[in-house]
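**Student:** This is the structure I want to talk about, given as structure tokens.
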Amino acid sequence: MKGKIHSIETLGTLDGPGIRIIIFFQGCPMHCWYCHNPDTWDITKGMETDSSEIVEKVLKYKNYFGKEGGVTLSGGEPLMQAGFACEILKKCMENNINTAIDTAGYELTDNVKKCLKYTGLALIDLKHSNPDKHSELTGHELSRTLKFIEYVSSHKIRYWIRQVIVPGLTDSEEQVIRLLELLKTYNPPEKVELLSYHRMAIEKWKEIHKEYKYKNIPEPDEQVMKRLQKLVNSKLL
């Protein structure tokens, strides 16, 4: 099956456990204000390739993965191309390669549910714990992501929650505690990972001729990140 990808990162260490190959899919329905990959939004762009070609490339790096590493489908939003993603994940599992999807949990179609059968780990990006702020930031309702978390949790699929910490937007203790309160409804995630906002995407936004609303926002202080992550870890124990 053919699909559209943006790029491939080999030997990555930031998108799931261990050493991984990251496949960045083209296309995303969420146009988040601080997105660091806005060049992946347009599904008509990117490179068309076949799932077999992707798996063939992944297999070349299998010896580097170790016990925890593997392949992560990211983007963009990989589940926008659920059929294509499913083919890659299934073939990787058949070759004993750990699989993960980095997703915002935007939709939960039958094709997405099928895709999740071959997902060893779901990295779920929860943009904001406040429904109004989430809608303002992404253009979509928080309830969609929560529905996705509920499905993953109830089907006992391993999952992490990830949130980008943006000064003035998501960097308060109150916001983080509210995030953890939301998760109490479900089987707990293995990990809640707070990611530091960065400004490296400014040039990408210029290239797609879009206004970058956070161009004057500084990156979060390292001590703030450590304090918030410590708070998260203490509440999850």
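Just so we're on the same page: first chain in the structure tokens is A, next is B, and so on; residues restart at 1 for each chain, and ligands are numbered from 1 in the order they show up.
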Could you list, as a VMD selection string, every residue within 8 Å of stretch 74-87 of chain A, counting only C-alpha atoms and ignoring same-chain residues fewer than 5 positions away?
**Tutor:** chain A and resid 1 to 3 6 22 to 29 37 to 38 40 to 41 51 101 to 104 107 111 to 112 114 to 116 118
**Student:** Leaving out stretch 215-221 of chain A and any residue of its chain fewer than 3 positions from it, which residues lie within 8 Å of it when counting only C-alpha atoms, given as a list of chain:residue names?
**Tutor:**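 Residues near the query, excluding close chain neighbours: A:Ile165, A:Val166, A:Pro167, A:Asp171, A:Ser196, A:Tyr197, A:His198, A:Arg199, A:Ile202, A:Tyr212, A:Val224, A:Met225.
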**Student:** Have a look at atom CA of A:His31 and atom CA of A:Tyr159 and let me know their distance in Å, one decimal.
**Tutor:**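 If I compute the distance from atom CA of A:His31 to atom CA of A:Tyr159, I get 23.1 Å.
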**Student:** Taking only C-alpha atoms into account, name the residue in A:Met47, A:Ile21, A:Ile149, A:Cys92 that is nearest to A:Ile124.
**Tutor:**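 Of A:Met47, A:Ile21, A:Ile149, A:Cys92, the one nearest A:Ile124, counting only C-alpha atoms, is A:Ile149.
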**Student:** With distances taken over only C-alpha atoms, which residue among A:Ala100, A:Ile5, A:Gly16, A:Leu231 lies nearest A:Asp39?
**Tutor:**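 Nearest candidate to A:Asp39 out of A:Ala100, A:Ile5, A:Gly16, A:Leu231: A:Ile5.
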**Student:** Identify all residues of stretch 10-185 of chain A in strand (DSSP E) (DSSP on the backbone) and supply them as a ChimeraX atom specification.
**Tutor:** /A:10-12,20-25,47-50,70-74,98-103,121-125,159-165
**Student:** Could you write out the selected residues, including N, CA and C atoms, as a short mmCIF file (atom, residue, chain, number, x, y, z; two decimals), in the first residue's frame?
**Tutor:**
data_model
loop_
_atom_site.label_atom_id
_atom_site.label_comp_id
_atom_site.auth_asym_id
_atom_site.auth_seq_id
_atom_site.Cartn_x
_atom_site.Cartn_y
_atom_site.Cartn_z
N THR A 10 16.70 8.37 11.22
CA THR A 10 17.29 7.11 11.67
C THR A 10 17.97 7.30 13.03
N LEU A 11 17.89 6.27 13.83
CA LEU A 11 18.55 6.24 15.13
C LEU A 11 18.14 7.40 16.03
N GLY A 12 16.84 7.65 16.11
CA GLY A 12 16.31 8.68 17.00
C GLY A 12 16.15 8.15 18.42
N ARG A 20 15.37 4.34 17.84
CA ARG A 20 14.25 4.08 16.94
C ARG A 20 14.43 4.76 15.58
N ILE A 21 13.76 4.21 14.60
CA ILE A 21 13.57 4.90 13.33
C ILE A 21 12.24 5.63 13.42
N ILE A 22 12.23 6.92 13.07
CA ILE A 22 11.01 7.72 13.13
C ILE A 22 10.55 8.00 11.71
N ILE A 23 9.33 7.56 11.38
CA ILE A 23 8.74 7.84 10.07
C ILE A 23 7.77 9.00 10.23
N PHE A 24 8.09 10.14 9.64
CA PHE A 24 7.22 11.31 9.74
C PHE A 24 6.23 11.30 8.57
N PHE A 25 4.95 11.10 8.90
CA PHE A 25 3.89 11.05 7.89
C PHE A 25 3.50 12.46 7.45
N MET A 47 6.41 12.84 0.09
CA MET A 47 6.89 11.83 -0.85
C MET A 47 5.96 10.62 -0.81
N GLU A 48 5.54 10.18 -1.97
CA GLU A 48 4.75 8.95 -2.01
C GLU A 48 5.68 7.75 -1.99
N THR A 49 5.36 6.80 -1.15
CA THR A 49 6.19 5.60 -1.05
C THR A 49 5.32 4.42 -0.70
N ASP A 50 5.88 3.23 -0.77
CA ASP A 50 5.14 2.00 -0.49
C ASP A 50 5.50 1.50 0.91
N GLY A 70 12.89 0.44 18.23
CA GLY A 70 12.05 -0.05 17.14
C GLY A 70 11.69 1.07 16.18
N VAL A 71 10.44 1.09 15.75
CA VAL A 71 9.96 2.08 14.79
C VAL A 71 8.84 2.90 15.42
N THR A 72 8.84 4.22 15.18
CA THR A 72 7.76 5.10 15.61
C THR A 72 7.20 5.82 14.40
N LEU A 73 5.89 5.77 14.25
CA LEU A 73 5.21 6.54 13.21
C LEU A 73 4.78 7.86 13.81
N SER A 74 5.24 8.96 13.22
CA SER A 74 4.96 10.29 13.75
C SER A 74 4.47 11.16 12.60
N ASN A 98 9.61 -3.66 17.60
CA ASN A 98 8.70 -2.91 18.44
C ASN A 98 8.10 -1.74 17.68
N THR A 99 6.81 -1.50 17.88
CA THR A 99 6.12 -0.44 17.14
C THR A 99 5.52 0.59 18.08
N ALA A 100 5.50 1.84 17.62
CA ALA A 100 4.87 2.93 18.37
C ALA A 100 4.26 3.92 17.39
N ILE A 101 3.22 4.60 17.85
CA ILE A 101 2.60 5.68 17.08
C ILE A 101 2.58 6.94 17.94
N ASP A 102 3.03 8.04 17.37
CA ASP A 102 2.94 9.35 18.02
C ASP A 102 1.74 10.06 17.40
N THR A 103 0.68 10.24 18.18
CA THR A 103 -0.59 10.72 17.64
C THR A 103 -1.26 11.71 18.59
N LEU A 121 3.01 0.63 21.41
CA LEU A 121 3.01 1.77 22.33
C LEU A 121 2.38 2.97 21.64
N ALA A 122 1.41 3.59 22.28
CA ALA A 122 0.81 4.82 21.76
C ALA A 122 1.36 6.02 22.53
N LEU A 123 1.98 6.93 21.81
CA LEU A 123 2.46 8.19 22.39
C LEU A 123 1.39 9.24 22.06
N ILE A 124 0.59 9.60 23.05
CA ILE A 124 -0.59 10.44 22.80
C ILE A 124 -0.29 11.87 23.22
N ASP A 125 -0.37 12.78 22.26
CA ASP A 125 -0.09 14.19 22.50
C ASP A 125 -1.37 14.90 22.96
N TYR A 159 0.51 2.99 26.74
CA TYR A 159 0.49 4.36 26.24
C TYR A 159 1.22 5.31 27.17
N TRP A 160 1.77 6.34 26.55
CA TRP A 160 2.34 7.47 27.26
C TRP A 160 1.48 8.69 26.91
N ILE A 161 1.45 9.65 27.81
CA ILE A 161 0.88 10.96 27.52
C ILE A 161 2.03 11.95 27.39
N ARG A 162 1.97 12.76 26.36
CA ARG A 162 3.00 13.78 26.14
C ARG A 162 2.34 15.15 26.05
N GLN A 163 3.00 16.14 26.64
CA GLN A 163 2.50 17.50 26.52
C GLN A 163 3.67 18.46 26.39
N VAL A 164 3.54 19.37 25.44
CA VAL A 164 4.55 20.41 25.25
C VAL A 164 4.31 21.52 26.27
N ILE A 165 5.36 21.91 26.96
CA ILE A 165 5.27 22.99 27.95
C ILE A 165 5.68 24.30 27.28
#
**Student:** When you count only C-alpha atoms, which of these residues is closest to A:Thr138: A:Leu180, A:Asn233, A:Trp33, A:Lys117?
**Tutor:** A:Trp33
**Student:** When DSSP works through the backbone of this structure, what residues of stretch 117-209 of chain A end up as alpha helix (DSSP H), shown as a ChimeraX atom specification?
**Tutor:** /A:131-138,142-154,173-183,202-207
**Student:** Rank A:Cys35, A:Val232, A:Leu108, A:Ile19 by their smallest atom-to-atom distance to A:Glu211, using only C-alpha atoms, and report the top residue only.
**Tutor:**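 With only C-alpha atoms as the atom set, the closest residue is A:Cys35.
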**Student:** Taking only C-alpha atoms into account, which of A:Thr13, A:Ser172, A:Asn63, A:Ser52 comes nearest A:Arg227?
**Tutor:** A:Ser172
